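This is target.cif. It holds mmCIF, C-alpha atoms and all ligand atoms.
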```
data_my_file
#
loop_
_atom_site.label_atom_id
_atom_site.label_comp_id
_atom_site.auth_asym_id
_atom_site.auth_seq_id
_atom_site.Cartn_x
_atom_site.Cartn_y
_atom_site.Cartn_z
CA MET A 1 -75.16 -68.42 35.42
CA THR A 2 -75.19 -72.19 35.44
CA ASP A 3 -72.82 -74.28 33.36
CA PRO A 4 -74.11 -75.59 30.05
CA ALA A 5 -74.98 -79.29 29.92
CA LEU A 6 -72.54 -79.69 27.06
CA GLN A 7 -69.79 -77.54 25.62
CA MET A 8 -67.73 -78.88 22.73
CA THR A 9 -64.93 -76.75 21.36
CA GLY A 10 -62.82 -77.69 18.34
CA VAL A 11 -63.72 -81.35 18.69
CA ARG A 12 -62.44 -83.63 15.95
CA LYS A 13 -62.62 -87.38 15.69
CA VAL A 14 -60.41 -88.97 13.06
CA TYR A 15 -60.51 -92.69 12.39
CA GLY A 16 -57.60 -94.43 10.68
CA SER A 17 -54.63 -92.64 9.17
CA GLY A 18 -53.12 -91.68 5.81
CA ASP A 19 -55.30 -92.68 2.87
CA GLN A 20 -57.66 -94.50 5.19
CA GLU A 21 -58.34 -91.39 7.25
CA VAL A 22 -62.00 -90.65 7.99
CA VAL A 23 -62.91 -87.40 9.71
CA ALA A 24 -66.05 -88.56 11.50
CA LEU A 25 -66.53 -85.33 13.47
CA ASP A 26 -65.22 -81.80 13.04
CA CYS A 27 -67.21 -79.61 15.42
CA ASP A 28 -65.96 -76.05 15.98
CA GLU A 29 -68.49 -75.24 18.65
CA LEU A 30 -71.58 -76.81 20.17
CA THR A 31 -73.21 -75.56 23.35
CA ILE A 32 -76.28 -77.12 24.91
CA ALA A 33 -77.90 -75.21 27.75
CA GLU A 34 -78.53 -76.79 31.13
CA ASP A 35 -82.16 -77.73 30.38
CA GLU A 36 -82.21 -77.73 26.60
CA ILE A 37 -83.50 -80.51 24.32
CA VAL A 38 -81.62 -80.60 21.04
CA ALA A 39 -82.57 -82.73 18.04
CA LEU A 40 -79.50 -83.84 16.09
CA VAL A 41 -80.38 -84.48 12.47
CA GLY A 42 -78.18 -85.58 9.59
CA PRO A 43 -77.69 -88.25 6.95
CA SER A 44 -76.34 -91.70 7.69
CA GLY A 45 -72.61 -91.55 8.38
CA SER A 46 -72.65 -87.82 9.18
CA GLY A 47 -71.22 -88.27 12.69
CA LYS A 48 -74.27 -88.29 14.97
CA THR A 49 -73.39 -91.42 16.94
CA THR A 50 -69.77 -90.28 17.09
CA LEU A 51 -70.83 -86.94 18.60
CA CYS A 52 -73.05 -88.61 21.21
CA SER A 53 -70.37 -91.16 22.10
CA ILE A 54 -67.83 -88.39 22.69
CA ALA A 55 -70.30 -86.27 24.70
CA GLY A 56 -71.07 -89.32 26.86
CA GLY A 57 -67.46 -90.25 27.49
CA LEU A 58 -67.71 -93.52 25.54
CA LEU A 59 -65.25 -92.38 22.93
CA GLN A 60 -62.21 -90.10 23.16
CA ALA A 61 -61.95 -87.20 20.73
CA THR A 62 -58.79 -86.91 18.61
CA GLU A 63 -58.59 -83.23 19.55
CA GLY A 64 -60.66 -80.52 21.21
CA THR A 65 -62.34 -79.92 24.53
CA VAL A 66 -65.51 -81.53 25.89
CA GLU A 67 -67.21 -80.20 29.02
CA VAL A 68 -70.30 -81.78 30.52
CA GLY A 69 -72.10 -79.82 33.22
CA GLY A 70 -69.01 -77.64 33.59
CA ARG A 71 -66.67 -80.60 34.02
CA ASP A 72 -63.87 -81.01 31.51
CA ILE A 73 -63.82 -84.69 30.55
CA THR A 74 -61.14 -84.38 27.89
CA GLU A 75 -58.25 -85.57 30.04
CA LEU A 76 -60.02 -88.06 32.30
CA SER A 77 -58.43 -91.45 32.86
CA ALA A 78 -60.32 -94.63 31.95
CA SER A 79 -61.53 -95.18 35.49
CA GLU A 80 -62.55 -91.53 35.89
CA LEU A 81 -64.50 -91.84 32.63
CA THR A 82 -66.29 -94.93 33.91
CA ASP A 83 -67.27 -92.97 36.98
CA PHE A 84 -68.37 -90.02 34.86
CA ARG A 85 -70.61 -92.25 32.69
CA ARG A 86 -72.17 -93.80 35.75
CA THR A 87 -72.98 -90.56 37.47
CA ALA A 88 -73.33 -87.73 34.95
CA VAL A 89 -74.88 -89.04 31.74
CA GLY A 90 -77.65 -91.35 30.57
CA PHE A 91 -77.81 -93.29 27.32
CA VAL A 92 -80.76 -94.60 25.34
CA PHE A 93 -79.84 -96.47 22.20
CA GLN A 94 -81.86 -97.52 19.21
CA THR A 95 -81.49 -101.15 20.16
CA VAL A 96 -82.65 -101.01 23.70
CA ASN A 97 -80.17 -103.36 25.38
CA LEU A 98 -82.20 -104.28 28.42
CA VAL A 99 -81.04 -107.35 30.28
CA PRO A 100 -83.60 -109.95 29.10
CA PHE A 101 -83.56 -112.13 32.22
CA LEU A 102 -84.18 -109.19 34.57
CA THR A 103 -87.56 -107.60 35.21
CA ALA A 104 -88.37 -104.01 34.24
CA ARG A 105 -87.67 -102.87 37.82
CA GLU A 106 -84.41 -104.83 38.04
CA ASN A 107 -83.24 -103.26 34.78
CA LEU A 108 -83.46 -99.86 36.52
CA LEU A 109 -81.88 -101.07 39.75
CA VAL A 110 -78.88 -102.49 37.94
CA VAL A 111 -77.70 -98.91 37.34
CA ASP A 112 -77.50 -98.37 41.07
CA GLU A 113 -75.70 -101.65 41.64
CA LEU A 114 -73.12 -100.83 38.99
CA GLY A 115 -72.54 -97.63 40.94
CA GLY A 116 -70.59 -99.72 43.47
CA ARG A 117 -69.41 -97.70 46.43
CA ARG A 118 -71.35 -94.68 45.29
CA SER A 119 -74.60 -96.56 45.18
CA ARG A 120 -77.52 -95.19 47.20
CA ASN A 121 -78.84 -97.47 49.84
CA GLY A 122 -80.97 -100.15 48.27
CA ALA A 123 -84.26 -98.86 49.66
CA LYS A 124 -83.74 -95.41 48.16
CA ALA A 125 -82.87 -96.86 44.77
CA LYS A 126 -86.00 -99.04 44.85
CA GLU A 127 -88.10 -96.01 45.69
CA ARG A 128 -86.62 -94.07 42.80
CA ALA A 129 -87.04 -96.97 40.37
CA ASP A 130 -90.69 -97.37 41.34
CA GLN A 131 -91.31 -93.64 41.00
CA LEU A 132 -89.77 -93.62 37.52
CA LEU A 133 -91.70 -96.72 36.46
CA ASP A 134 -94.87 -95.01 37.66
CA GLU A 135 -94.14 -91.83 35.68
CA LEU A 136 -93.45 -93.93 32.61
CA GLY A 137 -96.75 -95.78 32.98
CA LEU A 138 -95.08 -99.10 33.72
CA THR A 139 -96.15 -99.83 37.28
CA ASP A 140 -98.21 -102.85 36.28
CA ARG A 141 -95.30 -104.21 34.17
CA ALA A 142 -92.55 -103.58 36.75
CA GLY A 143 -92.27 -107.25 37.69
CA ASN A 144 -92.29 -108.58 34.12
CA LEU A 145 -89.15 -109.76 32.41
CA SER A 146 -88.05 -107.31 29.74
CA SER A 147 -88.49 -110.11 27.18
CA GLU A 148 -92.19 -110.05 28.08
CA LEU A 149 -92.58 -106.36 27.21
CA SER A 150 -93.62 -104.68 23.97
CA GLY A 151 -91.20 -102.55 21.96
CA GLY A 152 -92.64 -99.32 23.32
CA GLN A 153 -92.60 -100.59 26.89
CA ARG A 154 -88.95 -101.65 26.54
CA GLN A 155 -88.07 -98.25 25.18
CA ARG A 156 -89.76 -96.67 28.23
CA VAL A 157 -87.78 -98.93 30.58
CA ALA A 158 -84.61 -97.81 28.79
CA ILE A 159 -85.61 -94.16 29.36
CA GLY A 160 -86.19 -94.89 33.05
CA ARG A 161 -82.83 -96.58 33.30
CA ALA A 162 -81.11 -93.57 31.70
CA LEU A 163 -82.70 -91.30 34.33
CA MET A 164 -81.84 -93.43 37.39
CA ASN A 165 -78.61 -91.60 38.17
CA ASP A 166 -80.01 -88.04 37.79
CA PRO A 167 -77.80 -87.26 34.81
CA ALA A 168 -76.92 -83.75 33.62
CA LEU A 169 -77.30 -84.88 30.02
CA VAL A 170 -79.16 -87.75 28.38
CA LEU A 171 -78.11 -88.99 24.95
CA PHE A 172 -80.79 -90.61 22.82
CA ASP A 173 -79.48 -92.28 19.67
CA GLU A 174 -82.50 -92.85 17.41
CA PRO A 175 -84.80 -93.84 20.27
CA THR A 176 -87.86 -94.25 18.06
CA SER A 177 -86.53 -95.87 14.92
CA ALA A 178 -87.73 -99.33 15.95
CA LEU A 179 -91.22 -98.08 16.81
CA ASP A 180 -94.21 -97.42 14.58
CA SER A 181 -95.03 -93.75 14.07
CA LYS A 182 -97.79 -93.50 16.68
CA LEU A 183 -95.67 -95.17 19.37
CA GLY A 184 -92.66 -93.15 18.25
CA ASP A 185 -94.66 -89.99 18.78
CA GLN A 186 -95.72 -91.09 22.27
CA VAL A 187 -92.18 -91.98 23.26
CA VAL A 188 -90.84 -88.62 22.09
CA LYS A 189 -93.57 -86.76 23.99
CA LEU A 190 -92.65 -88.80 27.03
CA ILE A 191 -88.96 -87.97 26.63
CA ARG A 192 -89.84 -84.29 26.41
CA ASP A 193 -92.06 -84.41 29.52
CA GLU A 194 -89.48 -86.33 31.56
CA MET A 195 -86.64 -83.99 30.57
CA LYS A 196 -88.65 -80.80 31.09
CA SER A 197 -90.02 -81.83 34.48
CA ARG A 198 -86.46 -82.48 35.67
CA GLY A 199 -84.74 -79.64 33.85
CA THR A 200 -82.38 -82.18 32.28
CA ALA A 201 -80.68 -81.57 28.93
CA ALA A 202 -80.88 -84.05 26.08
CA ILE A 203 -79.60 -84.74 22.61
CA ILE A 204 -82.02 -86.76 20.49
CA VAL A 205 -80.52 -88.20 17.32
CA THR A 206 -83.19 -88.77 14.72
CA HIS A 207 -83.82 -89.15 11.02
CA ASP A 208 -87.40 -88.20 11.68
CA ASP A 209 -88.27 -84.57 11.07
CA ARG A 210 -91.52 -84.87 13.02
CA ILE A 211 -89.52 -85.48 16.17
CA THR A 212 -87.74 -82.16 15.85
CA HIS A 213 -91.10 -80.59 16.63
CA TYR A 214 -90.65 -81.66 20.27
CA ALA A 215 -87.12 -80.32 20.59
CA ASP A 216 -86.18 -76.81 21.66
CA ARG A 217 -83.72 -76.59 18.80
CA THR A 218 -82.54 -78.64 15.85
CA VAL A 219 -78.86 -78.99 15.05
CA HIS A 220 -77.95 -80.29 11.59
CA ILE A 221 -74.80 -82.23 10.92
CA GLU A 222 -73.26 -83.17 7.58
CA ASP A 223 -69.93 -84.88 6.97
CA GLY A 224 -69.06 -84.37 10.62
CA ARG A 225 -69.69 -80.62 10.55
CA ILE A 226 -72.47 -78.79 12.36
CA THR A 227 -74.30 -76.74 9.76
CA ASP A 228 -77.17 -75.43 11.93
N1 LIG A 301 -64.74 -97.44 14.38
C1 LIG A 301 -64.73 -96.77 13.22
N2 LIG A 301 -63.69 -96.87 12.37
C2 LIG A 301 -63.66 -96.20 11.22
N3 LIG A 301 -64.62 -95.38 10.80
C3 LIG A 301 -65.71 -95.24 11.60
C4 LIG A 301 -65.83 -95.93 12.83
N4 LIG A 301 -67.00 -95.59 13.41
C5 LIG A 301 -67.60 -94.73 12.56
N5 LIG A 301 -66.83 -94.52 11.47
C6 LIG A 301 -67.14 -93.61 10.34
O1 LIG A 301 -67.35 -92.31 10.86
C7 LIG A 301 -68.40 -91.66 10.17
C8 LIG A 301 -69.49 -91.22 11.16
O2 LIG A 301 -70.12 -92.37 11.73
P1 LIG A 301 -71.35 -92.29 12.74
O3 LIG A 301 -71.59 -93.66 13.23
O4 LIG A 301 -71.05 -91.24 13.75
O5 LIG A 301 -72.52 -91.80 11.77
P2 LIG A 301 -74.09 -91.58 12.09
O6 LIG A 301 -74.41 -90.18 11.72
O7 LIG A 301 -74.39 -92.03 13.46
O8 LIG A 301 -74.77 -92.56 11.02
P3 LIG A 301 -76.14 -93.43 11.13
O9 LIG A 301 -77.27 -92.45 10.91
O10 LIG A 301 -76.02 -94.37 9.98
O11 LIG A 301 -76.17 -94.09 12.46
C9 LIG A 301 -68.89 -92.64 9.12
O12 LIG A 301 -68.26 -92.33 7.90
C10 LIG A 301 -68.43 -93.98 9.64
O13 LIG A 301 -68.22 -94.88 8.59
MG MG A 302 -75.61 -93.60 14.27
#
```

Re-express the file's structure as structure tokens.
Amino acid sequence: MTDPALQMTGVRKVYGSGDQEVVALDCDELTIAEDEIVALVGPSGSGKTTLCSIAGGLLQATEGTVEVGGRDITELSASELTDFRRTAVGFVFQTVNLVPFLTARENLLVVDELGGRRSRNGAKAKERADQLLDELGLTDRAGNLSSELSGGQRQRVAIGRALMNDPALVLFDEPTSALDSKLGDQVVKLIRDEMKSRGTAAIIVTHDDRITHYADRTVHIEDGRITD
């Protein structure tokens, strides 16, 4: 049996202390299979971004165990976490965060360059970037600055960038909230196709119940607790 993409056990995240204490996440158990797409749905402030940030090694849990692709990331040092984020996970945020003065292709290649010593040779990375841009229907926009792209095109570049390092798990935090409903639908279909063709797991945070239609499973969260 292969390791799950994500295994969270007894994970709590507490902000502040004393009277100011906020329990942002209190997750007894969450397992996401190796190739599973999970929609994470819950009200504002329920802990969705906190959960994704912990799963992606951006934020340290107060207690509990987090394993990604069978690797326990709970006790990693800061530099090990940086390495983990670069090699094992992909992120797509609501606000796309492309580098505006780089082209679509360069926004993908920057992932490889940040990889430092571990970076593939440049030619291989270019090949991969072009293949991804092609799959995402962006070949004719590859040389355009990201500031010259539409909202949907930028979101697709962000998806390509998240896939550059062959992650075990991709975390999408409200990837469609800035898009109109038709474009949102297209982007979610695209996410599903890209994940399924690679057998990559994903968490898609959304307020949109239509999006859950494309997920294998929906997980509900309220006040930091998974309610299923
Ligand atoms: N840095 C922080 N310091 C203190 N409290 C925080 C911090 N970050 C988040 N919180 C609190 O933790 C809880 C969960 O926040 P989180 O951002 O995970 O919610 P969310 O489900 O992503 O909400 P939204 O749908 O609005 O994005 C909220 O009550 C929030 O106010
Ligand atoms: Mg959020």

| field | Distance filter 7 Å around ligand MG 302 (chain A), atoms: only C-alpha atoms and all ligand atoms, out as number ranges by chain | value | A: 44-45, 48-49, 173

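Distances here use all atoms listed in the file; by that measure, the residue among A:Thr9, A:Thr212, A:Leu98, A:Glu222 closest to Thr74 (chain A) is A:Thr9.
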
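If all atoms listed in the file are the atoms counted, then among A:Gly16, A:Leu6, A:Lys126, A:Asp180 the closest residue to ligand LIG 301 (chain A) is A:Gly16.
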
Take every atom of ligand LIG 301 (chain A) listed in the file, pad by 6 Å on each side, and give me the axis-aligned box centre and edge lengths in Å, one decimal, as JSON.
```
{"center_x": -70.5, "center_y": -93.8, "center_z": 11.1, "size_x": 25.6, "size_y": 19.3, "size_z": 18.5}
```

| task | Kindly provide, as a ChimeraX atom specification, all nucleotide and amino acid residues lying within 10 Å of ligand LIG 301 (chain A), counting all atoms listed in the file. | result | /A:13-17,20-25,40-54,59,94,173-174,205-207,221-224

| field | Selection near Val96 (chain A), 8 Å with all atoms listed in the file, sequence-local residues under 4 positions removed, as number ranges by chain | value | A: 92, 154-155, 158

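In this model, the gap between CA of Glu194 (chain A) and CA of Leu136 (chain A) comes to 8.6 Å.
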
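If you measure from each of A:Thr227, A:Gln60, A:Thr2, A:Thr176 to Phe93 (chain A) using only C-alpha atoms, the closest one turns out to be A:Thr176.
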
| query | Arg161 (chain A): which residues within 10 Å, counting all atoms listed in the file, same-chain residues fewer than 4 positions away excluded, as a ChimeraX atom specification? | reply | /A:90-92,98,104-112,129,132-133,155-157,165

| request: Go through A:Gly64, A:Gly151, A:Gly160, A:Pro175 one by one, measure the shortest atom-to-atom distance of each to Val11 (chain A) using only C-alpha atoms, and give the residue with the smallest value. | output: A:Gly64

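Note that the spacing between CA of Val219 (chain A) and CA of Ala39 (chain A) amounts to 6.1 Å.
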
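Distance-wise, CA of Gln7 (chain A) and CA of Arg210 (chain A) end up 26.2 Å apart.
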
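Restricting the calculation to only C-alpha atoms, the smallest distance between Lys196 (chain A) and any of A:Ile37, A:Ile32, A:Ile73, A:Leu145 is found for A:Ile37.
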
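Nearest to Gly69 (chain A) of all the residues A:Asp3, A:Asp134, A:Asp28, A:Glu113 is A:Asp3, counting all atoms listed in the file.
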